[in-house]
Amino acid sequence: MKSECKYSFLEAKAKLEALCAYQERCSFELNQKMILWGIDWEQRDQLLADLISSNFLNEERFASAYVSGKFRIKRWGRIKIKNHLNQKFISKYSIDKAIKEIDLDEYWTSLNYLAEKKIRELSAEKNEWNQKVKLYKFLQSKGYESDLISDCIVELYKNRESTK
């Protein structure tokens, strides 16, 4: 059963252009939107091609904006960002290029900030081992790499011991 198309080709094109002008989008998101609107696959392909040729839609630009936003605002790590971009079917090339834009010092600072904030929340936990496990799992859920998490936790507890 084919759903009725909500918009004509030109109306859909105008709406998609407005969506892309407002915020960076990827072809997966726009394709999902067009499916909801009942646009058939041939017109979807043509609309996406038009958006790409008129530079409303650019995968690398989307990946760069996505990485920047998720890292700076939500403080996500590289693993979580990559996974979410993969779910949007962004190419490995675009993902890798965007991930390289993250400053390593800023990345380390963000990881430390999250760890220090979480350790204050875990201060009621008396068992240091349980505290470290909870901290590790939290940082892992934010998408940070295991080796960096381990280094951060060691450094954090070393600093805490020296201040006692």
# chains A, B, ... in the order shown; residues from 1 in each chain; ligands from 1
>>> select_by_dssp(residues="segment 2-144 of chain A", states="alpha helix (DSSP H)", output="ChimeraX atom specification")
/A:9-22,27-37,41-53,59-72,78-87,92-99,104-121,128-141
>>> residues_around(residues="Glu59 of chain A", least_positions_apart="2", cutoff="10 Å", atoms="only C-alpha atoms", output="count of residues only")
16
>>> closest_residue(among="A:Leu47, A:Leu139, A:Val67, A:Leu10", to="Lys97 of chain A", atoms="only C-alpha atoms")
A:Val67
>>> atom_distance(atom1="atom CA of Gly69 of chain A", atom2="atom CA of Asp151 of chain A")
25.2 Å
>>> closest_residue(among="A:Asp103, A:Glu17, A:Glu128, A:Glu29", to="Ser68 of chain A", atoms="only C-alpha atoms")
A:Asp103
>>> closest_residue(among="A:Arg160, A:Lys6, A:Lys88, A:Lys80", to="Glu116 of chain A", atoms="only C-alpha atoms")
A:Arg160
>>> closest_residue(among="A:Cys152, A:Ala98, A:Ile79, A:Ala49", to="Tyr66 of chain A", atoms="only C-alpha atoms")
A:Ala98
>>> atom_distance(atom1="atom CA of Leu85 of chain A", atom2="atom CA of Ile149 of chain A")
22.1 Å
>>> residues_around(residues="Ile81 of chain A", least_positions_apart="4", cutoff="8 Å", atoms="only C-alpha atoms", output="PyMOL selection string")
chain A and resi 67+70-71+76-77+85+143
>>> write_last_selection(atoms="all heavy atoms", output="PDB file, in the first residue's frame")
ATOM      1  N   VAL A  67      30.459  16.331  14.538  1.00  0.00           N
ATOM      2  CA  VAL A  67      31.569  16.045  15.454  1.00  0.00           C
ATOM      3  C   VAL A  67      31.800  17.234  16.379  1.00  0.00           C
ATOM      4  O   VAL A  67      31.914  17.071  17.601  1.00  0.00           O
ATOM      5  CB  VAL A  67      32.859  15.693  14.679  1.00  0.00           C
ATOM      6  CG1 VAL A  67      34.076  15.705  15.590  1.00  0.00           C
ATOM      7  CG2 VAL A  67      32.716  14.340  13.995  1.00  0.00           C
ATOM      8  N   LYS A  70      28.760  17.544  18.942  1.00  0.00           N
ATOM      9  CA  LYS A  70      28.673  16.461  19.931  1.00  0.00           C
ATOM     10  C   LYS A  70      29.865  16.486  20.881  1.00  0.00           C
ATOM     11  O   LYS A  70      29.722  16.183  22.064  1.00  0.00           O
ATOM     12  CB  LYS A  70      28.580  15.083  19.253  1.00  0.00           C
ATOM     13  CG  LYS A  70      27.319  14.879  18.448  1.00  0.00           C
ATOM     14  CD  LYS A  70      26.060  15.112  19.253  1.00  0.00           C
ATOM     15  CE  LYS A  70      24.831  14.863  18.412  1.00  0.00           C
ATOM     16  NZ  LYS A  70      23.597  15.264  19.049  1.00  0.00           N
ATOM     17  N   PHE A  71      31.035  16.867  20.390  1.00  0.00           N
ATOM     18  CA  PHE A  71      32.200  16.926  21.268  1.00  0.00           C
ATOM     19  C   PHE A  71      32.136  18.148  22.177  1.00  0.00           C
ATOM     20  O   PHE A  71      32.292  18.043  23.390  1.00  0.00           O
ATOM     21  CB  PHE A  71      33.508  16.927  20.458  1.00  0.00           C
ATOM     22  CG  PHE A  71      34.710  17.198  21.310  1.00  0.00           C
ATOM     23  CD1 PHE A  71      35.096  16.290  22.290  1.00  0.00           C
ATOM     24  CD2 PHE A  71      35.431  18.367  21.174  1.00  0.00           C
ATOM     25  CE1 PHE A  71      36.186  16.551  23.104  1.00  0.00           C
ATOM     26  CE2 PHE A  71      36.525  18.631  21.976  1.00  0.00           C
ATOM     27  CZ  PHE A  71      36.898  17.718  22.944  1.00  0.00           C
ATOM     28  N   TRP A  76      30.934  14.238  24.038  1.00  0.00           N
ATOM     29  CA  TRP A  76      31.049  12.849  23.628  1.00  0.00           C
ATOM     30  C   TRP A  76      32.479  12.570  23.194  1.00  0.00           C
ATOM     31  O   TRP A  76      33.183  13.431  22.680  1.00  0.00           O
ATOM     32  CB  TRP A  76      30.144  12.558  22.444  1.00  0.00           C
ATOM     33  CG  TRP A  76      28.683  12.434  22.779  1.00  0.00           C
ATOM     34  CD1 TRP A  76      28.080  12.623  23.986  1.00  0.00           C
ATOM     35  CD2 TRP A  76      27.647  12.101  21.859  1.00  0.00           C
ATOM     36  NE1 TRP A  76      26.733  12.426  23.864  1.00  0.00           N
ATOM     37  CE2 TRP A  76      26.442  12.101  22.576  1.00  0.00           C
ATOM     38  CE3 TRP A  76      27.628  11.807  20.506  1.00  0.00           C
ATOM     39  CZ2 TRP A  76      25.220  11.808  21.979  1.00  0.00           C
ATOM     40  CZ3 TRP A  76      26.413  11.517  19.917  1.00  0.00           C
ATOM     41  CH2 TRP A  76      25.224  11.516  20.644  1.00  0.00           C
ATOM     42  N   GLY A  77      32.882  11.300  23.356  1.00  0.00           N
ATOM     43  CA  GLY A  77      34.176  10.848  22.895  1.00  0.00           C
ATOM     44  C   GLY A  77      34.119  10.407  21.441  1.00  0.00           C
ATOM     45  O   GLY A  77      33.041  10.299  20.841  1.00  0.00           O
ATOM     46  N   LEU A  85      27.629   8.491  13.729  1.00  0.00           N
ATOM     47  CA  LEU A  85      27.776   8.848  12.317  1.00  0.00           C
ATOM     48  C   LEU A  85      27.627   7.617  11.420  1.00  0.00           C
ATOM     49  O   LEU A  85      27.043   7.710  10.333  1.00  0.00           O
ATOM     50  CB  LEU A  85      29.119   9.538  12.069  1.00  0.00           C
ATOM     51  CG  LEU A  85      29.192  10.990  12.545  1.00  0.00           C
ATOM     52  CD1 LEU A  85      30.622  11.507  12.464  1.00  0.00           C
ATOM     53  CD2 LEU A  85      28.250  11.882  11.753  1.00  0.00           C
ATOM     54  N   GLY A 143      31.851   7.532  25.330  1.00  0.00           N
ATOM     55  CA  GLY A 143      32.520   7.260  24.064  1.00  0.00           C
ATOM     56  C   GLY A 143      34.015   7.478  24.051  1.00  0.00           C
ATOM     57  O   GLY A 143      34.616   7.603  22.984  1.00  0.00           O
TER      58      GLY A 143
END
>>> closest_residue(among="A:Leu104, A:Leu111, A:Ile99, A:Leu16", to="Asn31 of chain A", atoms="only C-alpha atoms")
A:Leu16
>>> closest_residue(among="A:Asn127, A:Arg78, A:Glu106, A:Asn159", to="Ser141 of chain A", atoms="only C-alpha atoms")
A:Arg78
>>> atom_distance(atom1="atom CA of Ile102 of chain A", atom2="atom CA of Arg72 of chain A")
9.3 Å
